[in-house]
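Coordinates as given in protein_12.txt (compact mmCIF, C-alpha atoms):
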# COMPACT_ATOMS: atom_id res chain seq x y z
CA MET W 1213 -27.97 56.03 -14.23
CA ASN W 1214 -26.83 53.61 -16.82
CA ASN W 1215 -29.41 54.86 -19.32
CA ASP W 1216 -27.25 57.94 -19.90
CA ARG W 1217 -24.41 55.74 -20.99
CA ILE W 1218 -26.61 53.70 -23.29
CA ASN W 1219 -26.53 56.57 -25.75
CA GLU W 1220 -22.79 56.14 -26.16
CA ALA W 1221 -23.17 52.71 -27.75
CA ASP W 1222 -24.30 51.88 -31.26
CA ASP W 1223 -27.56 49.99 -30.86
CA PHE W 1224 -29.07 48.52 -27.74
CA SER W 1225 -32.57 48.05 -29.11
CA GLN W 1226 -31.86 44.40 -30.00
CA ASP W 1227 -29.68 41.58 -28.75
CA PRO W 1228 -26.20 41.34 -30.26
CA ALA W 1229 -25.13 38.20 -32.11
CA ARG W 1230 -23.74 35.49 -29.88
CA ASP W 1231 -20.00 34.98 -29.96
CA ALA W 1232 -19.23 31.26 -30.17
CA MET W 1233 -15.60 31.62 -29.19
CA LEU W 1234 -16.40 33.87 -26.26
CA GLY W 1235 -19.13 31.46 -25.19
CA ALA W 1236 -16.73 28.50 -25.31
CA LEU W 1237 -14.12 30.35 -23.28
CA LEU W 1238 -16.71 31.45 -20.73
CA ARG W 1239 -17.93 27.86 -20.40
CA GLU W 1240 -14.40 26.64 -19.87
CA ALA W 1241 -13.71 29.37 -17.33
CA ARG W 1242 -16.86 28.48 -15.42
CA LEU W 1243 -16.02 24.78 -15.45
CA ARG W 1244 -12.43 25.45 -14.36
CA GLU W 1245 -13.79 27.43 -11.43
CA ARG W 1246 -16.27 24.66 -10.57
CA ILE W 1247 -13.52 22.04 -10.64
CA ALA W 1248 -11.19 24.22 -8.57
CA VAL W 1249 -13.86 24.67 -5.89
CA ALA W 1250 -14.82 20.99 -5.97
CA SER W 1251 -11.20 19.80 -5.81
CA ARG W 1252 -10.50 21.95 -2.76
CA ARG W 1253 -13.64 20.68 -1.01
CA HIS W 1254 -12.66 17.16 -1.98
CA ALA W 1255 -9.15 17.58 -0.55
CA ILE W 1256 -10.58 18.96 2.71
CA ARG W 1257 -13.01 16.04 2.95
CA LEU W 1258 -10.15 13.57 2.51
CA VAL W 1259 -8.20 15.20 5.33
CA GLU W 1260 -11.18 15.45 7.66
CA THR W 1261 -12.66 11.99 7.10
CA PRO W 1262 -14.05 10.91 10.53
CA TRP W 1263 -13.20 7.48 11.95
CA TYR W 1264 -16.74 6.15 11.45
CA ASP W 1265 -16.52 6.92 7.73
CA LEU W 1266 -13.30 4.95 7.52
CA VAL W 1267 -14.93 2.10 9.44
CA ALA W 1268 -17.90 2.15 7.08
CA ARG W 1269 -15.58 2.24 4.06
CA TYR W 1270 -13.05 -0.39 5.12
CA GLY W 1271 -14.97 -2.33 7.82
CA ARG W 1272 -15.89 -5.24 5.57
CA ALA W 1273 -12.31 -5.79 4.54
CA ALA W 1274 -11.00 -5.31 8.08
CA VAL W 1275 -12.77 -8.37 9.56
CA PRO W 1276 -11.14 -11.07 7.37
CA ILE W 1277 -7.81 -9.22 7.50
CA GLY W 1278 -8.02 -9.16 11.32
CA ILE W 1279 -8.83 -12.88 11.51
CA ALA W 1280 -5.97 -13.74 9.16
CA ALA W 1281 -3.59 -11.57 11.18
CA ALA W 1282 -4.68 -13.26 14.44
CA LEU W 1283 -4.10 -16.73 12.96
CA ILE W 1284 -0.66 -15.78 11.69
CA ALA W 1285 0.20 -14.25 15.05
CA ALA W 1286 -0.92 -17.40 16.88
CA VAL W 1287 1.24 -19.64 14.67
CA VAL W 1288 4.28 -17.38 15.01
CA LEU W 1289 3.90 -17.08 18.80
CA ASN W 1290 3.46 -20.81 19.26
CA ARG W 1291 6.64 -21.49 17.32
CA SER W 1292 8.56 -18.97 19.34
CA VAL W 1293 7.40 -20.45 22.73
CA ARG W 1294 9.03 -23.83 22.00
CA SER W 1295 12.37 -23.36 20.36
CA ASP W 1296 14.07 -25.82 18.04
CA ALA W 1297 16.60 -26.65 20.77
CA GLU W 1298 13.80 -27.71 23.13
CA TYR W 1299 12.29 -29.96 20.46
CA ALA W 1300 15.72 -31.53 19.82
CA ALA W 1301 16.35 -32.14 23.54
CA GLN W 1302 12.93 -33.75 23.95
CA ALA W 1303 13.53 -36.02 20.95
CA ALA W 1304 16.96 -37.03 22.27
CA THR W 1305 15.52 -37.97 25.70
CA ALA W 1306 12.76 -40.02 24.13
CA SER W 1307 15.11 -41.99 21.91
CA THR W 1308 17.49 -42.69 24.87
CA ASP W 1309 14.56 -44.08 26.91
CA LEU W 1310 13.49 -46.24 23.99
CA ARG W 1311 17.00 -47.61 23.39
CA GLY W 1312 17.28 -48.47 27.11
CA ALA W 1313 13.89 -50.24 27.12
CA VAL W 1314 14.73 -52.29 24.00
CA ALA W 1315 18.13 -53.28 25.48
CA GLY W 1316 16.43 -54.37 28.73
CA GLY W 1317 14.18 -56.71 26.75
CA SER W 1318 11.05 -55.94 28.75
CA ARG W 1319 8.01 -55.58 26.54
CA SER W 1320 6.17 -53.34 29.01
CA ALA W 1321 9.25 -51.10 29.30
CA VAL W 1322 9.30 -50.61 25.49
CA THR W 1323 5.57 -49.86 25.51
CA ASP W 1324 6.05 -47.42 28.37
CA ALA W 1325 8.92 -45.71 26.52
CA VAL W 1326 6.82 -45.28 23.37
CA LEU W 1327 3.38 -44.58 24.81
CA GLY W 1328 4.15 -43.50 28.38
CA PRO W 1329 3.70 -45.50 31.63
CA ASP W 1330 0.37 -47.22 32.12
CA SER W 1331 -0.57 -45.35 35.24
CA THR W 1332 -0.92 -41.84 36.61
CA GLU W 1333 2.07 -42.18 38.85
CA PHE W 1334 4.30 -40.59 36.28
CA LEU W 1335 2.28 -37.36 36.71
CA ILE W 1336 2.91 -37.36 40.44
CA ALA W 1337 6.59 -38.18 39.84
CA MET W 1338 6.86 -35.28 37.36
CA ALA W 1339 5.18 -32.95 39.83
CA VAL W 1340 7.54 -33.99 42.65
CA ASP W 1341 10.56 -33.54 40.36
CA ARG W 1342 9.56 -30.02 39.64
CA MET F 1048 8.10 19.78 -37.18
CA ARG F 1049 8.22 19.65 -33.43
CA GLU F 1050 11.25 20.72 -31.57
CA PRO F 1051 12.04 17.86 -29.21
CA THR F 1052 13.72 20.09 -26.66
CA ARG F 1053 10.63 22.25 -26.19
CA GLU F 1054 8.35 19.25 -26.13
CA SER F 1055 10.42 17.56 -23.48
CA ALA F 1056 10.52 20.84 -21.55
CA ALA F 1057 6.72 20.91 -21.65
CA ASP F 1058 6.61 17.26 -20.53
CA ALA F 1059 9.02 18.01 -17.71
CA GLU F 1060 6.87 20.96 -16.68
CA GLU F 1061 3.80 18.71 -16.61
CA THR F 1062 5.63 16.07 -14.60
CA ALA F 1063 6.57 18.77 -12.11
CA LEU F 1064 2.94 19.92 -11.96
CA VAL F 1065 1.79 16.36 -11.28
CA GLU F 1066 4.37 15.99 -8.54
CA ARG F 1067 3.28 19.25 -6.90
CA ALA F 1068 -0.40 18.34 -7.21
CA ARG F 1069 0.37 14.97 -5.65
CA ARG F 1070 1.88 16.77 -2.67
CA GLY F 1071 -1.36 18.75 -2.30
CA ASP F 1072 -0.61 21.98 -4.18
CA PRO F 1073 -4.03 23.16 -5.45
CA ALA F 1074 -2.53 25.68 -7.90
CA ALA F 1075 -0.60 22.89 -9.62
CA PHE F 1076 -3.78 20.86 -9.97
CA ASP F 1077 -5.59 23.92 -11.36
CA ALA F 1078 -2.82 24.26 -13.94
CA LEU F 1079 -3.25 20.61 -14.98
CA VAL F 1080 -6.99 21.19 -15.27
CA GLY F 1081 -6.39 24.29 -17.39
CA ARG F 1082 -4.12 22.36 -19.75
CA HIS F 1083 -6.43 19.42 -20.34
CA LEU F 1084 -9.88 20.95 -19.95
CA PRO F 1085 -10.50 21.95 -23.59
CA GLY F 1086 -9.60 18.49 -24.91
CA ALA F 1087 -11.51 16.81 -22.09
CA LEU F 1088 -14.65 18.77 -22.94
CA VAL F 1089 -14.41 17.86 -26.62
CA ALA F 1090 -13.87 14.20 -25.74
CA ALA F 1091 -16.68 14.09 -23.17
CA GLU F 1092 -19.14 15.83 -25.46
CA ARG F 1093 -18.27 13.43 -28.28
CA LEU F 1094 -18.90 10.53 -25.92
CA LEU F 1095 -22.07 11.69 -24.17
CA GLY F 1096 -23.52 14.05 -26.75
CA VAL F 1097 -24.92 16.53 -24.24
CA ARG F 1098 -22.91 19.56 -23.22
CA THR F 1099 -24.05 19.71 -19.58
CA ASP F 1100 -23.47 15.97 -19.09
CA ALA F 1101 -20.04 16.37 -20.64
CA GLU F 1102 -19.18 19.14 -18.18
CA ASP F 1103 -20.25 16.93 -15.25
CA LEU F 1104 -18.22 14.04 -16.62
CA VAL F 1105 -15.14 16.23 -17.00
CA GLN F 1106 -15.51 17.47 -13.43
CA ASP F 1107 -15.92 13.90 -12.12
CA ALA F 1108 -12.91 12.75 -14.10
CA PHE F 1109 -10.69 15.50 -12.72
CA LEU F 1110 -11.78 14.76 -9.15
CA ARG F 1111 -11.17 11.06 -9.72
CA ALA F 1112 -7.76 11.89 -11.14
CA LEU F 1113 -7.00 13.95 -8.04
CA ASP F 1114 -7.93 10.95 -5.91
CA ARG F 1115 -5.73 8.59 -7.88
CA LEU F 1116 -2.82 10.87 -8.60
CA ALA F 1117 -0.69 8.94 -6.13
CA MET F 1118 -1.16 5.81 -8.25
CA LEU F 1119 0.10 7.45 -11.45
CA ASP F 1120 3.51 6.12 -12.42
CA PRO F 1121 5.81 9.17 -12.37
CA ASN F 1122 7.31 8.01 -15.68
CA ARG F 1123 3.94 8.05 -17.42
CA PRO F 1124 2.50 11.30 -18.80
CA PHE F 1125 -0.64 12.68 -17.16
CA GLY F 1126 -2.60 13.33 -20.39
CA PRO F 1127 -3.13 9.80 -21.77
CA TRP F 1128 -3.71 8.45 -18.23
CA PHE F 1129 -6.33 11.11 -17.58
CA PHE F 1130 -8.08 10.61 -20.92
CA THR F 1131 -8.30 6.85 -20.32
CA LEU F 1132 -9.87 7.57 -16.94
CA LEU F 1133 -12.32 10.04 -18.54
CA ARG F 1134 -13.25 7.55 -21.24
CA ASN F 1135 -13.86 4.73 -18.74
CA LEU F 1136 -15.99 6.96 -16.55
CA GLY F 1137 -17.99 8.12 -19.57
CA ILE F 1138 -18.58 4.56 -20.77
CA ASN F 1139 -19.71 3.58 -17.26
CA GLN F 1140 -22.17 6.47 -17.28
CA LEU F 1141 -23.51 5.40 -20.65
CA ARG F 1142 -23.88 1.83 -19.42
CA ALA F 1143 -25.61 3.03 -16.26
CA ARG F 1144 -28.11 4.91 -18.36
CA ARG F 1145 -28.57 1.83 -20.52
CA VAL F 1146 -28.15 3.94 -23.59
CA ARG F 1147 -27.09 2.05 -26.66
CA TYR F 1148 -23.92 3.41 -28.04
CA THR F 1149 -21.35 2.49 -30.61
CA GLU F 1150 -17.80 2.00 -29.43
CA PRO F 1151 -16.45 5.51 -29.06
CA GLU F 1152 -13.42 6.60 -30.95
CA LYS F 1153 -10.14 6.57 -29.14
CA LEU F 1154 -10.45 9.63 -26.99
CA ASP F 1155 -6.74 10.15 -26.86
CA ALA F 1156 -7.15 11.54 -30.35
CA ALA F 1157 -9.36 14.26 -28.91
CA SER F 1158 -6.85 15.29 -26.32
CA PRO F 1159 -5.25 18.65 -26.94
CA ASP F 1160 -2.26 17.66 -28.96
CA ALA F 1161 -0.97 21.19 -28.96
CA LEU F 1162 2.58 22.08 -29.72
CA PRO F 1163 4.48 23.50 -26.77
CA ASP F 1164 4.32 27.00 -28.32
CA GLU F 1165 0.56 26.76 -28.87
CA GLU F 1166 0.13 25.49 -25.34
CA MET F 1167 2.04 28.47 -24.01
CA VAL F 1168 -0.12 30.88 -26.01
CA ARG F 1169 -3.28 29.13 -24.84
CA ALA F 1170 -2.14 29.25 -21.24
CA GLU F 1171 -1.37 32.95 -21.54
CA VAL F 1172 -4.72 33.76 -23.15
CA ARG F 1173 -6.51 31.67 -20.56
CA GLU F 1174 -4.76 33.52 -17.80
CA ARG F 1175 -5.59 36.93 -19.26
CA PHE F 1176 -9.17 35.89 -20.00
CA ASP F 1177 -9.67 34.69 -16.42
CA ALA F 1178 -8.24 37.96 -15.14
CA ALA F 1179 -10.55 39.97 -17.42
CA LEU F 1180 -13.52 37.87 -16.29
CA ALA F 1181 -12.62 38.39 -12.65
CA ALA F 1182 -12.36 42.14 -13.27
CA LEU F 1183 -15.96 42.39 -14.50
CA THR F 1184 -18.58 43.58 -12.07
CA PRO F 1185 -20.71 40.76 -10.65
CA ARG F 1186 -23.66 42.03 -12.69
CA GLN F 1187 -21.71 42.14 -15.96
CA ARG F 1188 -20.37 38.69 -15.28
CA GLU F 1189 -23.80 37.28 -14.61
CA ILE F 1190 -25.26 38.90 -17.69
CA VAL F 1191 -22.55 37.74 -20.05
CA MET F 1192 -22.77 34.20 -18.63
CA LEU F 1193 -26.53 34.09 -18.99
CA PHE F 1194 -26.38 35.44 -22.53
CA GLU F 1195 -23.37 33.63 -24.01
CA VAL F 1196 -23.34 30.41 -22.00
CA GLU F 1197 -26.94 29.77 -21.02
CA GLY F 1198 -28.37 31.22 -24.21
CA TRP F 1199 -30.89 33.54 -22.55
CA LYS F 1200 -32.29 36.47 -24.48
CA GLY F 1201 -31.68 40.05 -23.36
CA ALA F 1202 -35.34 40.48 -22.41
CA GLU F 1203 -35.29 37.31 -20.29
CA ILE F 1204 -32.18 38.46 -18.45
CA ALA F 1205 -33.76 41.86 -17.94
CA GLU F 1206 -36.84 40.31 -16.38
CA HIS F 1207 -34.73 38.03 -14.21
CA LEU F 1208 -32.57 40.86 -12.90
CA GLY F 1209 -35.23 43.60 -12.81
CA LEU F 1210 -33.50 45.75 -15.43
CA THR F 1211 -34.55 47.14 -18.78
CA PRO F 1212 -33.48 45.11 -21.83
CA GLU F 1213 -31.45 48.10 -23.06
CA ASN F 1214 -29.63 48.24 -19.77
CA VAL F 1215 -28.83 44.52 -20.00
CA ARG F 1216 -27.47 44.97 -23.54
CA TRP F 1217 -25.33 47.86 -22.38
CA HIS F 1218 -23.83 45.72 -19.60
CA LEU F 1219 -23.33 42.95 -22.12
CA HIS F 1220 -21.59 45.32 -24.50
CA GLN F 1221 -19.22 46.51 -21.77
CA ALA F 1222 -18.47 42.99 -20.59
CA LYS F 1223 -17.77 41.68 -24.07
CA LYS F 1224 -15.57 44.65 -24.86
CA SER F 1225 -13.41 43.88 -21.80
CA LEU F 1226 -13.26 40.18 -22.53
CA ARG F 1227 -12.46 40.63 -26.22
CA VAL F 1228 -9.34 42.56 -25.35
CA SER F 1229 -8.01 39.45 -23.66
CA LEU F 1230 -8.89 37.38 -26.72
CA SER F 1231 -7.27 39.67 -29.26
CA SER F 1232 -4.05 37.67 -29.57
CA LEU F 1233 -6.00 34.43 -29.91
CA ARG F 1234 -8.02 35.79 -32.80
CA ASP F 1235 -4.95 37.05 -34.70
Kindly transcribe the structure held in the file into structure tokens.
Amino acid sequence: MNNDRINEADDFSQDPARDAMLGALLREARLRERIAVASRRHAIRLVETPWYDLVARYGRAAVPIGIAAALIAAVVLNRSVRSDAEYAAQAATASTDLRGAVAGGSRSAVTDAVLGPDSTEFLIAMAVDR
Amino acid sequence: MREPTRESAADAEETALVERARRGDPAAFDALVGRHLPGALVAAERLLGVRTDAEDLVQDAFLRALDRLAMLDPNRPFGPWFFTLLRNLGINQLRARRVRYTEPEKLDAASPDALPDEEMVRAEVRERFDAALAALTPRQREIVMLFEVEGWKGAEIAEHLGLTPENVRWHLHQAKKSLRVSLSSLRD
């Protein structure tokens, strides 16, 4: 029983004086322990964050970012479908047609060269060519 | 007069601790906490005025620092960065509570500006104190915490634990004796 050992000490009939330095060190030790436990829990939480937490956290930012990315992708893809060489070839053909029409002197031929023929036959002709 | 070589060695050691903590080494983060905790507590208590609030603020600040450690420029020291973070968090808390306050002093001044030698002594004492605390029985530990930290009286602890007040004081005596041994070099 501890009561036997009480007799060894000087005086246990009243509380000892508090030790400010000991108290401060004990407080620090307790806080260090608290922070160590909390930091480990925190690290585990960061590793184990489920997908729905990430969605909840970053979902609002993801929508405009997604839209912007889709627009950029559309522009880039459209440019890559028609290359610069194709644009140049098309422009060269158009200017040759126009020069020919102007040299021929026919007003309707010039109009056709600039705006396209005034009928739907050219569509059929294009389809047959292909 | 400071010896630049030792100071830079201490800085290099801290940089290494930050790097290890950044890679997820919990012991390195604990060491950073141990180094800056005393100054952080002084700063937080000066800012908030209440000990328990200060402890919560310090804990929040360290967790926030852990979160943002990756953003810390490796060429910048941890201490001033951490104390700025602590100060900002504390001011936010004060604003949230809508408590009127005067502009706090620069908290960097409250950071532990210890010389490398002092820091080494502190770290050693801290280590020995923690070991002595861990070596106490759970009952002794609880009693000494309740008495010295929480400010309970012996009779209150006795009632709480179902012991006699004399028995509590005996446990307290034993616990303090063990802990004081670890403090002896600090008191010299």
8 Å contact set for stretch 1101-1105 of chain F, all atoms listed in the file, chain neighbours under 6 positions out, as JSON, numbers by chain: {"W": [1243], "F": [1084, 1087, 1088, 1091, 1092, 1094, 1095, 1133, 1136, 1137]}
Distance of atom CA of F:Gly1096 from atom CA of W:Ile1247, expressed in Å to one decimal place: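 Separation of atom CA of W:Ile1247 and atom CA of F:Gly1096: 20.6 Å.
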Taking only residues of chain F that have an atom at most 6 Å from an atom of chain W, what is each one's shortest atom pair and its distance in Å to one decimal, using all atoms listed in the file, in chain and number order, as a Markdown table?
| residue | atom | partner | partner_atom | distance |
| --- | --- | --- | --- | --- |
| F:Gln1106 | CA | W:Ile1247 | CA | 5.7 |
| F:Glu1195 | CA | W:Gly1235 | CA | 4.9 |
| F:Val1196 | CA | W:Gly1235 | CA | 5.4 |
| F:Gly1201 | CA | W:Asp1227 | CA | 5.9 |
| F:Glu1213 | CA | W:Phe1224 | CA | 5.3 |
| F:Arg1216 | CA | W:Phe1224 | CA | 5.7 |
Expected answer as an NGL selection string: all residues with atoms within 10 Å of (-21.0, 37.7, -19.1), all atoms listed in the file: (:W and (1234-1235 or 1238)) or (:F and (1180 or 1183-1196 or 1218-1223 or 1226))
Separation of atom CA of F:Ala1108 from atom CA of F:Val1172, in Å and rounded to one decimal: 24.3 Å
Atomic separation - atom CA of F:Val1215 relative to atom CA of F:Gly1198, Å: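 These atoms are spaced 14.0 Å apart.
Proximity to F:Pro1121 at 10 Å, evaluated using all atoms listed in the file and with sequence-adjacent residues fewer than 3 positions away removed, yields Thr1062, Ala1063, Val1065, Glu1066, Leu1116, Ala1117, Met1118, Pro1124 and Phe1125 of chain F.
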Distance query 10 Å from (3.3, 18.6, -15.6) using all atoms listed in the file, result as number ranges by chain: F: 1056-1068, 1075-1076, 1078-1079, 1082, 1124-1126
Selected residue, from F:Asp1177, F:Ala1202, F:Pro1073, F:Ile1138, that lies nearest to F:Leu1113 when counting all atoms listed in the file: F:Pro1073
With the input short on atoms, add N, CA and C atoms back to stretch 1086-1120 of chain F and write it as a PDB file, in the frame of the given file.
ATOM      1  N   GLY F1086      -9.557  19.815 -24.268  1.00  0.00           N
ATOM      2  CA  GLY F1086      -9.600  18.490 -24.910  1.00  0.00           C
ATOM      3  C   GLY F1086     -10.566  17.568 -24.202  1.00  0.00           C
ATOM      4  N   ALA F1087     -10.612  17.674 -22.872  1.00  0.00           N
ATOM      5  CA  ALA F1087     -11.510  16.810 -22.090  1.00  0.00           C
ATOM      6  C   ALA F1087     -12.964  17.112 -22.433  1.00  0.00           C
ATOM      7  N   LEU F1088     -13.270  18.389 -22.606  1.00  0.00           N
ATOM      8  CA  LEU F1088     -14.650  18.770 -22.940  1.00  0.00           C
ATOM      9  C   LEU F1088     -15.046  18.234 -24.311  1.00  0.00           C
ATOM     10  N   VAL F1089     -14.134  18.368 -25.268  1.00  0.00           N
ATOM     11  CA  VAL F1089     -14.410  17.860 -26.620  1.00  0.00           C
ATOM     12  C   VAL F1089     -14.656  16.356 -26.546  1.00  0.00           C
ATOM     13  N   ALA F1090     -13.769  15.657 -25.833  1.00  0.00           N
ATOM     14  CA  ALA F1090     -13.870  14.200 -25.740  1.00  0.00           C
ATOM     15  C   ALA F1090     -15.167  13.781 -25.048  1.00  0.00           C
ATOM     16  N   ALA F1091     -15.483  14.461 -23.941  1.00  0.00           N
ATOM     17  CA  ALA F1091     -16.680  14.090 -23.170  1.00  0.00           C
ATOM     18  C   ALA F1091     -17.949  14.377 -23.958  1.00  0.00           C
ATOM     19  N   GLU F1092     -17.947  15.480 -24.691  1.00  0.00           N
ATOM     20  CA  GLU F1092     -19.140  15.830 -25.460  1.00  0.00           C
ATOM     21  C   GLU F1092     -19.320  14.841 -26.616  1.00  0.00           C
ATOM     22  N   ARG F1093     -18.203  14.410 -27.196  1.00  0.00           N
ATOM     23  CA  ARG F1093     -18.270  13.430 -28.280  1.00  0.00           C
ATOM     24  C   ARG F1093     -18.819  12.108 -27.747  1.00  0.00           C
ATOM     25  N   LEU F1094     -18.482  11.803 -26.512  1.00  0.00           N
ATOM     26  CA  LEU F1094     -18.900  10.530 -25.920  1.00  0.00           C
ATOM     27  C   LEU F1094     -20.358  10.561 -25.466  1.00  0.00           C
ATOM     28  N   LEU F1095     -20.741  11.642 -24.776  1.00  0.00           N
ATOM     29  CA  LEU F1095     -22.070  11.690 -24.170  1.00  0.00           C
ATOM     30  C   LEU F1095     -23.092  12.449 -25.013  1.00  0.00           C
ATOM     31  N   GLY F1096     -22.613  13.337 -25.841  1.00  0.00           N
ATOM     32  CA  GLY F1096     -23.520  14.050 -26.750  1.00  0.00           C
ATOM     33  C   GLY F1096     -24.170  15.281 -26.158  1.00  0.00           C
ATOM     34  N   VAL F1097     -24.231  15.394 -24.857  1.00  0.00           N
ATOM     35  CA  VAL F1097     -24.920  16.530 -24.240  1.00  0.00           C
ATOM     36  C   VAL F1097     -23.896  17.371 -23.483  1.00  0.00           C
ATOM     37  N   ARG F1098     -23.924  18.663 -23.759  1.00  0.00           N
ATOM     38  CA  ARG F1098     -22.910  19.560 -23.220  1.00  0.00           C
ATOM     39  C   ARG F1098     -22.862  19.532 -21.679  1.00  0.00           C
ATOM     40  N   THR F1099     -24.044  19.632 -21.055  1.00  0.00           N
ATOM     41  CA  THR F1099     -24.050  19.710 -19.580  1.00  0.00           C
ATOM     42  C   THR F1099     -23.557  18.402 -18.963  1.00  0.00           C
ATOM     43  N   ASP F1100     -23.950  17.275 -19.581  1.00  0.00           N
ATOM     44  CA  ASP F1100     -23.470  15.970 -19.090  1.00  0.00           C
ATOM     45  C   ASP F1100     -21.962  15.884 -19.259  1.00  0.00           C
ATOM     46  N   ALA F1101     -21.489  16.406 -20.371  1.00  0.00           N
ATOM     47  CA  ALA F1101     -20.040  16.370 -20.640  1.00  0.00           C
ATOM     48  C   ALA F1101     -19.293  17.167 -19.575  1.00  0.00           C
ATOM     49  N   GLU F1102     -19.836  18.318 -19.206  1.00  0.00           N
ATOM     50  CA  GLU F1102     -19.180  19.140 -18.180  1.00  0.00           C
ATOM     51  C   GLU F1102     -19.129  18.379 -16.853  1.00  0.00           C
ATOM     52  N   ASP F1103     -20.226  17.709 -16.503  1.00  0.00           N
ATOM     53  CA  ASP F1103     -20.250  16.930 -15.250  1.00  0.00           C
ATOM     54  C   ASP F1103     -19.232  15.797 -15.305  1.00  0.00           C
ATOM     55  N   LEU F1104     -19.165  15.150 -16.467  1.00  0.00           N
ATOM     56  CA  LEU F1104     -18.220  14.040 -16.620  1.00  0.00           C
ATOM     57  C   LEU F1104     -16.778  14.539 -16.468  1.00  0.00           C
ATOM     58  N   VAL F1105     -16.492  15.673 -17.080  1.00  0.00           N
ATOM     59  CA  VAL F1105     -15.140  16.230 -17.000  1.00  0.00           C
ATOM     60  C   VAL F1105     -14.799  16.548 -15.540  1.00  0.00           C
ATOM     61  N   GLN F1106     -15.752  17.144 -14.840  1.00  0.00           N
ATOM     62  CA  GLN F1106     -15.510  17.470 -13.430  1.00  0.00           C
ATOM     63  C   GLN F1106     -15.259  16.190 -12.620  1.00  0.00           C
ATOM     64  N   ASP F1107     -16.102  15.177 -12.832  1.00  0.00           N
ATOM     65  CA  ASP F1107     -15.920  13.900 -12.120  1.00  0.00           C
ATOM     66  C   ASP F1107     -14.556  13.300 -12.420  1.00  0.00           C
ATOM     67  N   ALA F1108     -14.181  13.368 -13.701  1.00  0.00           N
ATOM     68  CA  ALA F1108     -12.910  12.750 -14.100  1.00  0.00           C
ATOM     69  C   ALA F1108     -11.731  13.464 -13.445  1.00  0.00           C
ATOM     70  N   PHE F1109     -11.791  14.781 -13.365  1.00  0.00           N
ATOM     71  CA  PHE F1109     -10.690  15.500 -12.720  1.00  0.00           C
ATOM     72  C   PHE F1109     -10.626  15.190 -11.228  1.00  0.00           C
ATOM     73  N   LEU F1110     -11.780  15.082 -10.592  1.00  0.00           N
ATOM     74  CA  LEU F1110     -11.780  14.760  -9.150  1.00  0.00           C
ATOM     75  C   LEU F1110     -11.257  13.338  -8.923  1.00  0.00           C
ATOM     76  N   ARG F1111     -11.647  12.434  -9.824  1.00  0.00           N
ATOM     77  CA  ARG F1111     -11.170  11.060  -9.720  1.00  0.00           C
ATOM     78  C   ARG F1111      -9.651  11.025  -9.910  1.00  0.00           C
ATOM     79  N   ALA F1112      -9.205  11.837 -10.881  1.00  0.00           N
ATOM     80  CA  ALA F1112      -7.760  11.890 -11.140  1.00  0.00           C
ATOM     81  C   ALA F1112      -7.021  12.414  -9.909  1.00  0.00           C
ATOM     82  N   LEU F1113      -7.610  13.400  -9.260  1.00  0.00           N
ATOM     83  CA  LEU F1113      -7.000  13.950  -8.040  1.00  0.00           C
ATOM     84  C   LEU F1113      -6.877  12.872  -6.968  1.00  0.00           C
ATOM     85  N   ASP F1114      -7.917  12.057  -6.869  1.00  0.00           N
ATOM     86  CA  ASP F1114      -7.930  10.950  -5.910  1.00  0.00           C
ATOM     87  C   ASP F1114      -6.826   9.944  -6.190  1.00  0.00           C
ATOM     88  N   ARG F1115      -6.619   9.687  -7.485  1.00  0.00           N
ATOM     89  CA  ARG F1115      -5.730   8.590  -7.880  1.00  0.00           C
ATOM     90  C   ARG F1115      -4.354   9.051  -8.310  1.00  0.00           C
ATOM     91  N   LEU F1116      -4.087  10.304  -8.130  1.00  0.00           N
ATOM     92  CA  LEU F1116      -2.820  10.870  -8.600  1.00  0.00           C
ATOM     93  C   LEU F1116      -1.625  10.118  -8.018  1.00  0.00           C
ATOM     94  N   ALA F1117      -1.791   9.655  -6.790  1.00  0.00           N
ATOM     95  CA  ALA F1117      -0.690   8.940  -6.130  1.00  0.00           C
ATOM     96  C   ALA F1117      -0.379   7.625  -6.842  1.00  0.00           C
ATOM     97  N   MET F1118      -1.368   7.108  -7.583  1.00  0.00           N
ATOM     98  CA  MET F1118      -1.160   5.810  -8.250  1.00  0.00           C
ATOM     99  C   MET F1118      -0.526   5.974  -9.630  1.00  0.00           C
ATOM    100  N   LEU F1119      -0.453   7.219 -10.113  1.00  0.00           N
ATOM    101  CA  LEU F1119       0.100   7.450 -11.450  1.00  0.00           C
ATOM    102  C   LEU F1119       1.615   7.230 -11.415  1.00  0.00           C
ATOM    103  N   ASP F1120       2.070   6.361 -12.300  1.00  0.00           N
ATOM    104  CA  ASP F1120       3.510   6.120 -12.420  1.00  0.00           C
ATOM    105  C   ASP F1120       4.188   7.431 -12.831  1.00  0.00           C
TER     106      ASP F1120
END
